[in-house]
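What follows is the content of final_10.pdb, which has PDB, C-alpha atoms, pLDDT in the B column:
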```pdb
ATOM      1  CA  MET A 168      91.249 109.311 107.917  1.00 45.00           C
ATOM      2  CA  SER A 169      94.420 110.205 109.833  1.00 57.00           C
ATOM      3  CA  SER A 170      97.067 111.816 107.633  1.00 64.00           C
ATOM      4  CA  PRO A 171      96.428 115.418 106.518  1.00 63.00           C
ATOM      5  CA  LEU A 172      97.171 114.173 102.994  1.00 61.00           C
ATOM      6  CA  PHE A 173      94.097 111.951 103.099  1.00 61.00           C
ATOM      7  CA  SER A 174      90.872 113.776 102.281  1.00 59.00           C
ATOM      8  CA  GLU A 175      87.885 112.945 100.117  1.00 60.00           C
ATOM      9  CA  LYS A 176      88.274 116.239  98.267  1.00 60.00           C
ATOM     10  CA  ALA A 177      91.915 115.546  97.403  1.00 58.00           C
ATOM     11  CA  PHE A 178      91.095 112.154  95.905  1.00 63.00           C
ATOM     12  CA  ASP A 179      87.846 113.220  94.197  1.00 56.00           C
ATOM     13  CA  ALA A 180      89.792 115.646  92.036  1.00 58.00           C
ATOM     14  CA  THR A 181      92.019 112.860  90.691  1.00 60.00           C
ATOM     15  CA  ARG A 182      89.084 110.845  89.347  1.00 53.00           C
ATOM     16  CA  SER A 183      88.026 113.497  86.854  1.00 49.00           C
ATOM     17  CA  GLY A 184      90.439 112.274  84.182  1.00 52.00           C
ATOM     18  CA  SER A 185      91.274 108.986  82.497  1.00 49.00           C
ATOM     19  CA  TYR A 186      94.365 107.171  83.739  1.00 56.00           C
ATOM     20  CA  GLU A 187      95.895 103.763  83.254  1.00 61.00           C
ATOM     21  CA  GLY A 188      95.330 101.452  86.206  1.00 71.00           C
ATOM     22  CA  ALA A 189      93.804 102.002  89.638  1.00 82.00           C
ATOM     23  CA  MET A 190      95.329 102.381  93.070  1.00 84.00           C
ATOM     24  CA  THR A 191      95.381  99.330  95.374  1.00 88.00           C
ATOM     25  CA  LEU A 192      96.296  98.847  99.027  1.00 88.00           C
ATOM     26  CA  LYS A 193      99.029  96.372  98.101  1.00 90.00           C
ATOM     27  CA  GLY A 194     100.476  98.760  95.536  1.00 91.00           C
ATOM     28  CA  THR A 195     100.463 101.582  98.074  1.00 90.00           C
ATOM     29  CA  VAL A 196     102.172  99.479 100.755  1.00 90.00           C
ATOM     30  CA  ASP A 197     104.780  98.425  98.164  1.00 92.00           C
ATOM     31  CA  LYS A 198     105.395 102.081  97.298  1.00 93.00           C
ATOM     32  CA  SER A 199     105.746 102.992 100.980  1.00 91.00           C
ATOM     33  CA  ILE A 200     108.364 100.249 101.383  1.00 92.00           C
ATOM     34  CA  LEU A 201     110.279 101.563  98.348  1.00 95.00           C
ATOM     35  CA  LEU A 202     110.135 105.060  99.831  1.00 95.00           C
ATOM     36  CA  PHE A 203     111.424 103.740 103.156  1.00 93.00           C
ATOM     37  CA  LEU A 204     114.376 102.115 101.372  1.00 94.00           C
ATOM     38  CA  THR A 205     114.962 105.406  99.553  1.00 95.00           C
ATOM     39  CA  LEU A 206     114.992 107.172 102.929  1.00 95.00           C
ATOM     40  CA  LEU A 207     117.711 104.839 104.236  1.00 94.00           C
ATOM     41  CA  VAL A 208     120.267 105.904 101.609  1.00 95.00           C
ATOM     42  CA  PRO A 209     120.609 109.598 102.582  1.00 95.00           C
ATOM     43  CA  ALA A 210     120.169 108.635 106.248  1.00 94.00           C
ATOM     44  CA  ALA A 211     123.262 106.435 106.014  1.00 93.00           C
ATOM     45  CA  TRP A 212     125.064 109.087 103.957  1.00 94.00           C
ATOM     46  CA  ILE A 213     124.654 111.895 106.517  1.00 93.00           C
ATOM     47  CA  TRP A 214     125.540 109.513 109.357  1.00 91.00           C
ATOM     48  CA  PHE A 215     128.823 108.452 107.763  1.00 90.00           C
ATOM     49  CA  LYS A 216     129.555 111.948 106.476  1.00 90.00           C
ATOM     50  CA  MET A 217     129.482 113.161 110.071  1.00 88.00           C
ATOM     51  CA  GLY A 218     131.501 110.164 111.235  1.00 86.00           C
ATOM     52  CA  GLY A 219     128.781 109.136 113.653  1.00 82.00           C
ATOM     53  CA  ASP A 220     130.154 111.811 115.992  1.00 86.00           C
ATOM     54  CA  PRO A 221     127.612 114.391 117.293  1.00 85.00           C
ATOM     55  CA  GLU A 222     130.321 116.850 118.344  1.00 87.00           C
ATOM     56  CA  PHE A 223     131.943 116.707 114.914  1.00 88.00           C
ATOM     57  CA  ALA A 224     128.504 117.004 113.314  1.00 86.00           C
ATOM     58  CA  MET A 225     127.597 120.131 115.298  1.00 87.00           C
ATOM     59  CA  ASN A 226     130.846 121.746 114.201  1.00 86.00           C
ATOM     60  CA  ASN A 227     130.400 120.782 110.569  1.00 86.00           C
ATOM     61  CA  GLY A 228     126.967 122.058 109.640  1.00 87.00           C
ATOM     62  CA  VAL A 229     124.659 119.176 110.523  1.00 89.00           C
ATOM     63  CA  LYS A 230     121.961 121.676 111.526  1.00 89.00           C
ATOM     64  CA  GLY A 231     122.057 123.130 108.030  1.00 91.00           C
ATOM     65  CA  TYR A 232     121.558 119.683 106.503  1.00 93.00           C
ATOM     66  CA  MET A 233     118.631 119.002 108.827  1.00 93.00           C
ATOM     67  CA  ILE A 234     116.962 122.350 108.163  1.00 93.00           C
ATOM     68  CA  GLY A 235     117.518 121.927 104.435  1.00 94.00           C
ATOM     69  CA  GLY A 236     116.019 118.452 104.554  1.00 94.00           C
ATOM     70  CA  LEU A 237     112.946 119.700 106.407  1.00 93.00           C
ATOM     71  CA  ILE A 238     112.446 122.563 103.946  1.00 95.00           C
ATOM     72  CA  ILE A 239     112.700 120.257 100.925  1.00 96.00           C
ATOM     73  CA  ALA A 240     110.313 117.746 102.549  1.00 94.00           C
ATOM     74  CA  VAL A 241     107.730 120.445 103.288  1.00 94.00           C
ATOM     75  CA  ILE A 242     107.986 121.915  99.781  1.00 95.00           C
ATOM     76  CA  SER A 243     107.563 118.438  98.268  1.00 94.00           C
ATOM     77  CA  ILE A 244     104.420 117.851 100.339  1.00 92.00           C
ATOM     78  CA  ILE A 245     102.953 121.231  99.389  1.00 93.00           C
ATOM     79  CA  VAL A 246     103.607 120.727  95.681  1.00 94.00           C
ATOM     80  CA  MET A 247     102.165 117.190  95.796  1.00 91.00           C
ATOM     81  CA  SER A 248      99.004 118.486  97.453  1.00 88.00           C
ATOM     82  CA  PHE A 249      98.388 120.681  94.376  1.00 89.00           C
ATOM     83  CA  LYS A 250      99.993 118.494  91.694  1.00 89.00           C
ATOM     84  CA  LYS A 251      99.136 114.945  92.708  1.00 88.00           C
ATOM     85  CA  ALA A 252     100.081 113.550  89.285  1.00 89.00           C
ATOM     86  CA  TRP A 253     103.661 114.572  90.105  1.00 93.00           C
ATOM     87  CA  SER A 254     103.697 112.255  93.135  1.00 92.00           C
ATOM     88  CA  PRO A 255     105.748 109.472  91.448  1.00 93.00           C
ATOM     89  CA  TYR A 256     108.570 112.009  91.051  1.00 94.00           C
ATOM     90  CA  LEU A 257     108.182 114.039  94.255  1.00 95.00           C
ATOM     91  CA  ALA A 258     107.599 111.132  96.644  1.00 95.00           C
ATOM     92  CA  PRO A 259     111.244 109.923  96.407  1.00 96.00           C
ATOM     93  CA  VAL A 260     112.403 113.527  96.899  1.00 96.00           C
ATOM     94  CA  TYR A 261     110.348 113.722 100.095  1.00 96.00           C
ATOM     95  CA  ALA A 262     111.730 110.394 101.310  1.00 96.00           C
ATOM     96  CA  ALA A 263     115.325 111.396 100.603  1.00 96.00           C
ATOM     97  CA  ALA A 264     114.911 114.752 102.370  1.00 96.00           C
ATOM     98  CA  GLU A 265     113.413 113.065 105.426  1.00 96.00           C
ATOM     99  CA  GLY A 266     116.255 110.564 105.313  1.00 95.00           C
ATOM    100  CA  VAL A 267     118.823 113.314 105.872  1.00 94.00           C
ATOM    101  CA  VAL A 268     116.887 114.588 108.894  1.00 94.00           C
ATOM    102  CA  LEU A 269     116.317 111.152 110.415  1.00 94.00           C
ATOM    103  CA  GLY A 270     119.897 110.063 109.746  1.00 93.00           C
ATOM    104  CA  ALA A 271     121.274 113.002 111.714  1.00 92.00           C
ATOM    105  CA  LEU A 272     118.692 112.633 114.494  1.00 93.00           C
ATOM    106  CA  SER A 273     119.328 108.895 114.793  1.00 92.00           C
ATOM    107  CA  MET A 274     123.079 109.487 114.999  1.00 91.00           C
ATOM    108  CA  PHE A 275     122.625 111.620 118.115  1.00 90.00           C
ATOM    109  CA  PHE A 276     120.470 108.982 119.820  1.00 91.00           C
ATOM    110  CA  GLU A 277     122.863 106.186 118.846  1.00 91.00           C
ATOM    111  CA  SER A 278     125.821 108.054 120.350  1.00 88.00           C
ATOM    112  CA  MET A 279     124.023 108.180 123.707  1.00 89.00           C
ATOM    113  CA  TYR A 280     122.495 104.702 123.623  1.00 90.00           C
ATOM    114  CA  PRO A 281     124.419 102.280 121.354  1.00 90.00           C
ATOM    115  CA  GLY A 282     122.110  99.889 119.521  1.00 91.00           C
ATOM    116  CA  ILE A 283     118.981 101.989 120.032  1.00 93.00           C
ATOM    117  CA  VAL A 284     118.532 102.852 116.336  1.00 93.00           C
ATOM    118  CA  PHE A 285     118.545  99.215 115.221  1.00 93.00           C
ATOM    119  CA  GLN A 286     116.015  98.410 117.947  1.00 95.00           C
ATOM    120  CA  ALA A 287     113.779 101.356 117.020  1.00 94.00           C
ATOM    121  CA  VAL A 288     113.812 100.494 113.310  1.00 94.00           C
ATOM    122  CA  GLY A 289     113.002  96.860 114.032  1.00 95.00           C
ATOM    123  CA  ILE A 290     110.155  97.692 116.398  1.00 95.00           C
ATOM    124  CA  THR A 291     108.715 100.291 114.021  1.00 95.00           C
ATOM    125  CA  LEU A 292     108.699  97.967 111.021  1.00 94.00           C
ATOM    126  CA  GLY A 293     107.328  95.171 113.195  1.00 95.00           C
ATOM    127  CA  ILE A 294     104.430  97.339 114.318  1.00 96.00           C
ATOM    128  CA  PHE A 295     103.735  98.388 110.720  1.00 94.00           C
ATOM    129  CA  ALA A 296     103.609  94.745 109.615  1.00 95.00           C
ATOM    130  CA  LEU A 297     101.452  93.814 112.616  1.00 96.00           C
ATOM    131  CA  MET A 298      98.958  96.613 111.928  1.00 95.00           C
ATOM    132  CA  LEU A 299      98.734  95.617 108.252  1.00 93.00           C
ATOM    133  CA  LEU A 300      98.143  91.986 109.225  1.00 95.00           C
ATOM    134  CA  ALA A 301      95.543  92.992 111.844  1.00 95.00           C
ATOM    135  CA  TYR A 302      93.734  95.100 109.244  1.00 93.00           C
ATOM    136  CA  LYS A 303      93.825  92.501 106.464  1.00 91.00           C
ATOM    137  CA  THR A 304      92.566  89.739 108.780  1.00 92.00           C
ATOM    138  CA  GLY A 305      89.821  91.932 110.208  1.00 90.00           C
ATOM    139  CA  VAL A 306      91.171  91.879 113.778  1.00 92.00           C
ATOM    140  CA  LEU A 307      91.224  95.676 113.722  1.00 91.00           C
ATOM    141  CA  ARG A 308      88.776  97.659 111.608  1.00 93.00           C
ATOM    142  CA  ALA A 309      88.164 101.368 111.209  1.00 91.00           C
ATOM    143  CA  THR A 310      84.715 101.351 112.805  1.00 94.00           C
ATOM    144  CA  PRO A 311      83.051 104.742 113.429  1.00 93.00           C
ATOM    145  CA  LEU A 312      83.907 104.553 117.153  1.00 95.00           C
ATOM    146  CA  PHE A 313      87.511 103.459 116.510  1.00 94.00           C
ATOM    147  CA  THR A 314      87.957 106.223 113.938  1.00 93.00           C
ATOM    148  CA  LYS A 315      86.514 108.864 116.259  1.00 95.00           C
ATOM    149  CA  VAL A 316      88.704 107.828 119.205  1.00 95.00           C
ATOM    150  CA  ILE A 317      91.940 107.731 117.178  1.00 94.00           C
ATOM    151  CA  TYR A 318      91.085 110.979 115.394  1.00 93.00           C
ATOM    152  CA  MET A 319      90.468 112.782 118.702  1.00 94.00           C
ATOM    153  CA  ALA A 320      93.605 111.270 120.263  1.00 94.00           C
ATOM    154  CA  THR A 321      95.707 112.346 117.271  1.00 93.00           C
ATOM    155  CA  ALA A 322      94.287 115.875 117.449  1.00 93.00           C
ATOM    156  CA  GLY A 323      95.087 115.982 121.160  1.00 93.00           C
ATOM    157  CA  ILE A 324      98.686 114.930 120.493  1.00 92.00           C
ATOM    158  CA  ALA A 325      99.007 117.594 117.789  1.00 92.00           C
ATOM    159  CA  ILE A 326      97.842 120.214 120.315  1.00 93.00           C
ATOM    160  CA  PHE A 327     100.345 118.843 122.858  1.00 90.00           C
ATOM    161  CA  TYR A 328     103.176 119.204 120.314  1.00 90.00           C
ATOM    162  CA  LEU A 329     102.003 122.717 119.411  1.00 92.00           C
ATOM    163  CA  ILE A 330     101.921 123.833 123.041  1.00 90.00           C
ATOM    164  CA  MET A 331     105.475 122.538 123.556  1.00 88.00           C
ATOM    165  CA  MET A 332     106.663 124.346 120.434  1.00 87.00           C
ATOM    166  CA  VAL A 333     105.062 127.651 121.418  1.00 89.00           C
ATOM    167  CA  MET A 334     106.411 127.409 124.971  1.00 87.00           C
ATOM    168  CA  ASN A 335     109.904 126.740 123.642  1.00 85.00           C
ATOM    169  CA  MET A 336     109.652 129.772 121.363  1.00 84.00           C
ATOM    170  CA  PHE A 337     109.061 131.944 124.423  1.00 84.00           C
ATOM    171  CA  GLY A 338     111.832 130.322 126.446  1.00 81.00           C
ATOM    172  CA  ALA A 339     109.556 128.186 128.613  1.00 80.00           C
ATOM    173  CA  SER A 340     110.962 124.681 128.267  1.00 80.00           C
ATOM    174  CA  SER A 341     109.422 123.078 131.359  1.00 84.00           C
ATOM    175  CA  LEU A 342     106.943 120.972 129.348  1.00 81.00           C
ATOM    176  CA  SER A 343     109.594 119.888 126.859  1.00 82.00           C
ATOM    177  CA  ASN A 344     111.986 118.995 129.671  1.00 82.00           C
ATOM    178  CA  PHE A 345     109.269 116.959 131.357  1.00 81.00           C
ATOM    179  CA  TYR A 346     108.457 115.102 128.138  1.00 83.00           C
ATOM    180  CA  ALA A 347     112.137 114.462 127.437  1.00 82.00           C
ATOM    181  CA  GLY A 348     112.617 113.142 130.982  1.00 82.00           C
ATOM    182  CA  ASN A 349     112.458 109.530 132.105  1.00 84.00           C
ATOM    183  CA  SER A 350     109.750 109.745 134.752  1.00 87.00           C
ATOM    184  CA  LEU A 351     107.069 107.072 134.722  1.00 89.00           C
ATOM    185  CA  MET A 352     104.500 109.646 133.599  1.00 90.00           C
ATOM    186  CA  SER A 353     106.726 110.798 130.719  1.00 89.00           C
ATOM    187  CA  ILE A 354     107.279 107.181 129.679  1.00 91.00           C
ATOM    188  CA  GLY A 355     103.534 106.569 129.891  1.00 91.00           C
ATOM    189  CA  ILE A 356     102.827 109.531 127.622  1.00 91.00           C
ATOM    190  CA  SER A 357     105.346 108.205 125.089  1.00 92.00           C
ATOM    191  CA  VAL A 358     103.674 104.784 125.167  1.00 94.00           C
ATOM    192  CA  VAL A 359     100.272 106.378 124.515  1.00 95.00           C
ATOM    193  CA  ILE A 360     101.583 108.544 121.660  1.00 94.00           C
ATOM    194  CA  ALA A 361     103.367 105.583 120.049  1.00 95.00           C
ATOM    195  CA  GLY A 362     100.169 103.556 120.375  1.00 95.00           C
ATOM    196  CA  VAL A 363      98.069 106.256 118.729  1.00 95.00           C
ATOM    197  CA  ALA A 364     100.634 106.559 115.919  1.00 95.00           C
ATOM    198  CA  ALA A 365     100.435 102.789 115.375  1.00 95.00           C
ATOM    199  CA  PHE A 366      96.612 102.722 115.303  1.00 96.00           C
ATOM    200  CA  ASN A 367      96.662 105.535 112.741  1.00 95.00           C
ATOM    201  CA  PHE A 368      97.828 102.914 110.248  1.00 95.00           C
ATOM    202  CA  ILE A 369      94.404 101.249 110.488  1.00 94.00           C
ATOM    203  CA  LEU A 370      92.723 104.505 109.465  1.00 93.00           C
ATOM    204  CA  ASP A 371      95.282 104.937 106.679  1.00 92.00           C
ATOM    205  CA  PHE A 372      94.754 101.422 105.315  1.00 93.00           C
ATOM    206  CA  ASN A 373      90.977 101.824 105.449  1.00 92.00           C
ATOM    207  CA  PHE A 374      91.036 105.143 103.609  1.00 88.00           C
ATOM    208  CA  ILE A 375      93.381 103.768 100.947  1.00 88.00           C
ATOM    209  CA  GLU A 376      91.096 100.780 100.362  1.00 89.00           C
ATOM    210  CA  GLU A 377      88.028 102.995 100.137  1.00 88.00           C
ATOM    211  CA  GLN A 378      89.695 105.225  97.554  1.00 84.00           C
ATOM    212  CA  SER A 379      90.934 102.175  95.635  1.00 85.00           C
ATOM    213  CA  LYS A 380      87.363 100.897  95.361  1.00 85.00           C
ATOM    214  CA  ALA A 381      86.281 104.347  94.227  1.00 82.00           C
ATOM    215  CA  GLY A 382      88.745 104.196  91.323  1.00 80.00           C
ATOM    216  CA  ALA A 383      91.629 106.428  92.404  1.00 83.00           C
ATOM    217  CA  PRO A 384      94.351 106.449  89.703  1.00 88.00           C
ATOM    218  CA  LYS A 385      97.523 104.378  89.992  1.00 88.00           C
ATOM    219  CA  TYR A 386      99.801 107.364  90.601  1.00 87.00           C
ATOM    220  CA  MET A 387      97.961 108.029  93.874  1.00 89.00           C
ATOM    221  CA  GLU A 388      99.780 105.012  95.281  1.00 91.00           C
ATOM    222  CA  TRP A 389     102.859 107.230  95.496  1.00 93.00           C
ATOM    223  CA  TYR A 390     100.865 110.045  97.090  1.00 91.00           C
ATOM    224  CA  SER A 391      99.359 107.634  99.622  1.00 90.00           C
ATOM    225  CA  GLY A 392     102.741 105.991 100.113  1.00 92.00           C
ATOM    226  CA  VAL A 393     104.060 109.347 101.308  1.00 93.00           C
ATOM    227  CA  ALA A 394     101.219 109.526 103.836  1.00 91.00           C
ATOM    228  CA  LEU A 395     102.076 106.037 105.128  1.00 93.00           C
ATOM    229  CA  LEU A 396     105.772 106.940 105.286  1.00 94.00           C
ATOM    230  CA  ALA A 397     104.962 110.081 107.280  1.00 94.00           C
ATOM    231  CA  THR A 398     103.068 107.987 109.837  1.00 94.00           C
ATOM    232  CA  LEU A 399     105.966 105.511 109.889  1.00 94.00           C
ATOM    233  CA  ILE A 400     108.427 108.355 110.574  1.00 95.00           C
ATOM    234  CA  TRP A 401     106.226 109.686 113.381  1.00 94.00           C
ATOM    235  CA  LEU A 402     106.062 106.231 114.965  1.00 96.00           C
ATOM    236  CA  TYR A 403     109.834 105.710 114.607  1.00 96.00           C
ATOM    237  CA  ILE A 404     110.642 108.994 116.352  1.00 95.00           C
ATOM    238  CA  GLU A 405     108.284 108.174 119.219  1.00 94.00           C
ATOM    239  CA  ILE A 406     109.733 104.669 119.571  1.00 95.00           C
ATOM    240  CA  LEU A 407     113.217 106.218 119.598  1.00 94.00           C
ATOM    241  CA  ARG A 408     112.162 108.603 122.366  1.00 93.00           C
ATOM    242  CA  LEU A 409     110.518 105.835 124.358  1.00 93.00           C
ATOM    243  CA  LEU A 410     113.543 103.529 124.155  1.00 94.00           C
ATOM    244  CA  SER A 411     115.878 106.354 125.164  1.00 93.00           C
ATOM    245  CA  LYS A 412     113.759 107.074 128.245  1.00 92.00           C
ATOM    246  CA  LEU A 413     113.715 103.420 129.239  1.00 91.00           C
ATOM    247  CA  GLN A 414     117.462 102.991 128.723  1.00 89.00           C
ATOM    248  CA  SER A 415     118.263 106.146 130.697  1.00 84.00           C
ATOM    249  CA  ARG A 416     116.601 104.559 133.748  1.00 73.00           C
ATOM    250  CA  ASP A 417     118.949 101.563 133.715  1.00 63.00           C
TER     251      ASP A 417
END
```

Can you present the structure in this file as structure tokens?
Amino acid sequence: MSSPLFSEKAFDATRSGSYEGAMTLKGTVDKSILLFLTLLVPAAWIWFKMGGDPEFAMNNGVKGYMIGGLIIAVISIIVMSFKKAWSPYLAPVYAAAEGVVLGALSMFFESMYPGIVFQAVGITLGIFALMLLAYKTGVLRATPLFTKVIYMATAGIAIFYLIMMVMNMFGASSLSNFYAGNSLMSIGISVVIAGVAAFNFILDFNFIEEQSKAGAPKYMEWYSGVALLATLIWLYIEILRLLSKLQSRD
């Protein structure tokens, strides 16, 4: 498994009752697409509300919107982890909250590199579709070795992010500045992280299929859709970073 939302214990608890219908991979992917479309609405709203102008946005409370969006997203995830049957109602809330954050973030990148957001969205969705096709056709499977490698790589990236965050808290921004730079090594790291994010979809799809066969209830499609959306958001941000580094070298 890849997403923190995916655990055997979390899904085992949902099979103790009687529910109409069972979760499927197709149903989960469909839900993740609906959540992505839900995300686009507030993303467009915050973008146009701020006039697509970062300077205007900074002077008109965009940070507050972003912080508020993050808080609502985190609360939604926490509540869903305890009340999974509420997922059909909380999943759209999570998507909308993330949409506000991504809309503001994307606006800043677009102001520096016109056209980058459209490119990043297209590449991200293309990778998602490619990973789903590779999984369904058996080209890529979550073998024990594959799972172990991607799990360890994801853990390593999480530690890398944590170290950057802690260093920034203490005023040491050298690692963050290096990662935000456009050196070949920084670009290489972004390529690796984006690749690991993409391969996480294979672990996600495999776990969803396993739980579907085990009889997870239909409402868990929304819960699992949130997990897929979270991976999609991670990949999008890394693609955005990578494209910005490449364009800054031109």

Spatial neighbours of stretch 232-237 of chain A, 10 Å, all atoms listed in the file, chain gap at least 2 places, as a PyMOL selection string:
chain A and resi 213+227-230+239-243+260-272

Margin query: Selection in question (the file shown): the PyMOL selection byres ((chain A and resi 194-210) around 10). Which residues does it include, as a PyMOL selection string?
Written below: chain A and resi 189-193+211-216+255+258-274+292+299+372+375-376+379+385-397+399-400

- Message: Quick check, in Å to one decimal: how far apart do atom CA of A:Leu312 and atom CA of A:Ile326 lie?
- Response: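 Value for the atom CA of A:Leu312-atom CA of A:Ile326 distance: 21.2 Å.
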
request  = Find, counting only C-alpha atoms, the residue in A:Leu307, A:Ile360, A:Ile354, A:Ala365 that gets nearest to A:Leu410.
outcome  =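 Smallest separation from A:Leu410 among the options: A:Ile354.
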
(message) Here's the selection I'm unsure about, the PyMOL selection byres ((chain A and resi 333-348) around 12); applied to the file above, which residues does it give, as a PyMOL selection string?
(response) chain A and resi 326-332+349-358+360+405+407-416

Only C-alpha atoms, please: the residues just picked out, written as a PDB file, in the frame of the given file.
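Now in out37.pdb:
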```pdb
ATOM      1  CA  ILE A 326      97.842 120.214 120.315  1.00 93.00           C
ATOM      2  CA  PHE A 327     100.345 118.843 122.858  1.00 90.00           C
ATOM      3  CA  TYR A 328     103.176 119.204 120.314  1.00 90.00           C
ATOM      4  CA  LEU A 329     102.003 122.717 119.411  1.00 92.00           C
ATOM      5  CA  ILE A 330     101.921 123.833 123.041  1.00 90.00           C
ATOM      6  CA  MET A 331     105.475 122.538 123.556  1.00 88.00           C
ATOM      7  CA  MET A 332     106.663 124.346 120.434  1.00 87.00           C
ATOM      8  CA  ASN A 349     112.458 109.530 132.105  1.00 84.00           C
ATOM      9  CA  SER A 350     109.750 109.745 134.752  1.00 87.00           C
ATOM     10  CA  LEU A 351     107.069 107.072 134.722  1.00 89.00           C
ATOM     11  CA  MET A 352     104.500 109.646 133.599  1.00 90.00           C
ATOM     12  CA  SER A 353     106.726 110.798 130.719  1.00 89.00           C
ATOM     13  CA  ILE A 354     107.279 107.181 129.679  1.00 91.00           C
ATOM     14  CA  GLY A 355     103.534 106.569 129.891  1.00 91.00           C
ATOM     15  CA  ILE A 356     102.827 109.531 127.622  1.00 91.00           C
ATOM     16  CA  SER A 357     105.346 108.205 125.089  1.00 92.00           C
ATOM     17  CA  VAL A 358     103.674 104.784 125.167  1.00 94.00           C
ATOM     18  CA  ILE A 360     101.583 108.544 121.660  1.00 94.00           C
ATOM     19  CA  GLU A 405     108.284 108.174 119.219  1.00 94.00           C
ATOM     20  CA  LEU A 407     113.217 106.218 119.598  1.00 94.00           C
ATOM     21  CA  ARG A 408     112.162 108.603 122.366  1.00 93.00           C
ATOM     22  CA  LEU A 409     110.518 105.835 124.358  1.00 93.00           C
ATOM     23  CA  LEU A 410     113.543 103.529 124.155  1.00 94.00           C
ATOM     24  CA  SER A 411     115.878 106.354 125.164  1.00 93.00           C
ATOM     25  CA  LYS A 412     113.759 107.074 128.245  1.00 92.00           C
ATOM     26  CA  LEU A 413     113.715 103.420 129.239  1.00 91.00           C
ATOM     27  CA  GLN A 414     117.462 102.991 128.723  1.00 89.00           C
ATOM     28  CA  SER A 415     118.263 106.146 130.697  1.00 84.00           C
ATOM     29  CA  ARG A 416     116.601 104.559 133.748  1.00 73.00           C
TER      30      ARG A 416
END
```

Report task. Grab the atom CA of A:Phe223 to atom CA of A:Ser278 distance for me, in Å with one decimal place. Result ->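 Going from atom CA of A:Phe223 over to atom CA of A:Ser278, I get 11.9 Å.
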
Specify as a compact mmCIF listing (two decimals) with C-alpha atoms, in the frame of the given file each residue included when the PyMOL selection byres ((chain A and resi 367) around 12) is applied to this file.
```txt
# COMPACT_ATOMS: atom_id res chain seq x y z
CA MET A 168 91.25 109.31 107.92
CA SER A 169 94.42 110.20 109.83
CA SER A 170 97.07 111.82 107.63
CA PRO A 171 96.43 115.42 106.52
CA PHE A 173 94.10 111.95 103.10
CA ILE A 294 104.43 97.34 114.32
CA PHE A 295 103.74 98.39 110.72
CA MET A 298 98.96 96.61 111.93
CA LEU A 299 98.73 95.62 108.25
CA TYR A 302 93.73 95.10 109.24
CA LEU A 307 91.22 95.68 113.72
CA ARG A 308 88.78 97.66 111.61
CA ALA A 309 88.16 101.37 111.21
CA PHE A 313 87.51 103.46 116.51
CA THR A 314 87.96 106.22 113.94
CA LYS A 315 86.51 108.86 116.26
CA VAL A 316 88.70 107.83 119.20
CA ILE A 317 91.94 107.73 117.18
CA TYR A 318 91.08 110.98 115.39
CA MET A 319 90.47 112.78 118.70
CA ALA A 320 93.60 111.27 120.26
CA THR A 321 95.71 112.35 117.27
CA ALA A 322 94.29 115.88 117.45
CA ILE A 360 101.58 108.54 121.66
CA ALA A 361 103.37 105.58 120.05
CA GLY A 362 100.17 103.56 120.38
CA VAL A 363 98.07 106.26 118.73
CA ALA A 364 100.63 106.56 115.92
CA ALA A 365 100.44 102.79 115.38
CA PHE A 366 96.61 102.72 115.30
CA PHE A 368 97.83 102.91 110.25
CA ILE A 369 94.40 101.25 110.49
CA LEU A 370 92.72 104.50 109.46
CA ASP A 371 95.28 104.94 106.68
CA PHE A 372 94.75 101.42 105.32
CA ASN A 373 90.98 101.82 105.45
CA PHE A 374 91.04 105.14 103.61
CA ALA A 394 101.22 109.53 103.84
CA LEU A 395 102.08 106.04 105.13
CA LEU A 396 105.77 106.94 105.29
CA ALA A 397 104.96 110.08 107.28
CA THR A 398 103.07 107.99 109.84
CA LEU A 399 105.97 105.51 109.89
CA TRP A 401 106.23 109.69 113.38
CA LEU A 402 106.06 106.23 114.96
```

Could you work out how far atom CA of A:Gly188 lies from atom CA of A:Thr304, giving the answer in Å with one decimal?
->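 Atom CA of A:Gly188 lies at a distance of 25.6 Å from atom CA of A:Thr304.
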
Closest of A:Val246, A:Ile238, A:Met217, A:Ile290 to A:Ile406, counting all atoms listed in the file, is A:Ile290

Using all atoms listed in the file, the residue out of A:Gly293, A:Val284, A:Ile244, A:Gly231 with shortest distance to A:Leu257 is A:Ile244

Got a minute to add N, CA and C atoms to stretch 359-365 of chain A and dump it as a compact mmCIF listing (two decimals), in the frame of the given file?
```
# COMPACT_ATOMS: atom_id res chain seq x y z
N VAL A 359 101.58 106.01 125.08
CA VAL A 359 100.27 106.38 124.52
C VAL A 359 100.43 106.97 123.12
N ILE A 360 101.38 107.90 122.97
CA ILE A 360 101.58 108.54 121.66
C ILE A 360 102.02 107.52 120.62
N ALA A 361 102.93 106.62 120.98
CA ALA A 361 103.37 105.58 120.05
C ALA A 361 102.19 104.68 119.68
N GLY A 362 101.34 104.39 120.65
CA GLY A 362 100.17 103.56 120.38
C GLY A 362 99.21 104.22 119.41
N VAL A 363 98.97 105.51 119.62
CA VAL A 363 98.07 106.26 118.73
C VAL A 363 98.66 106.31 117.33
N ALA A 364 99.97 106.54 117.23
CA ALA A 364 100.63 106.56 115.92
C ALA A 364 100.44 105.22 115.21
N ALA A 365 100.60 104.12 115.96
CA ALA A 365 100.44 102.79 115.38
C ALA A 365 99.00 102.56 114.89
```
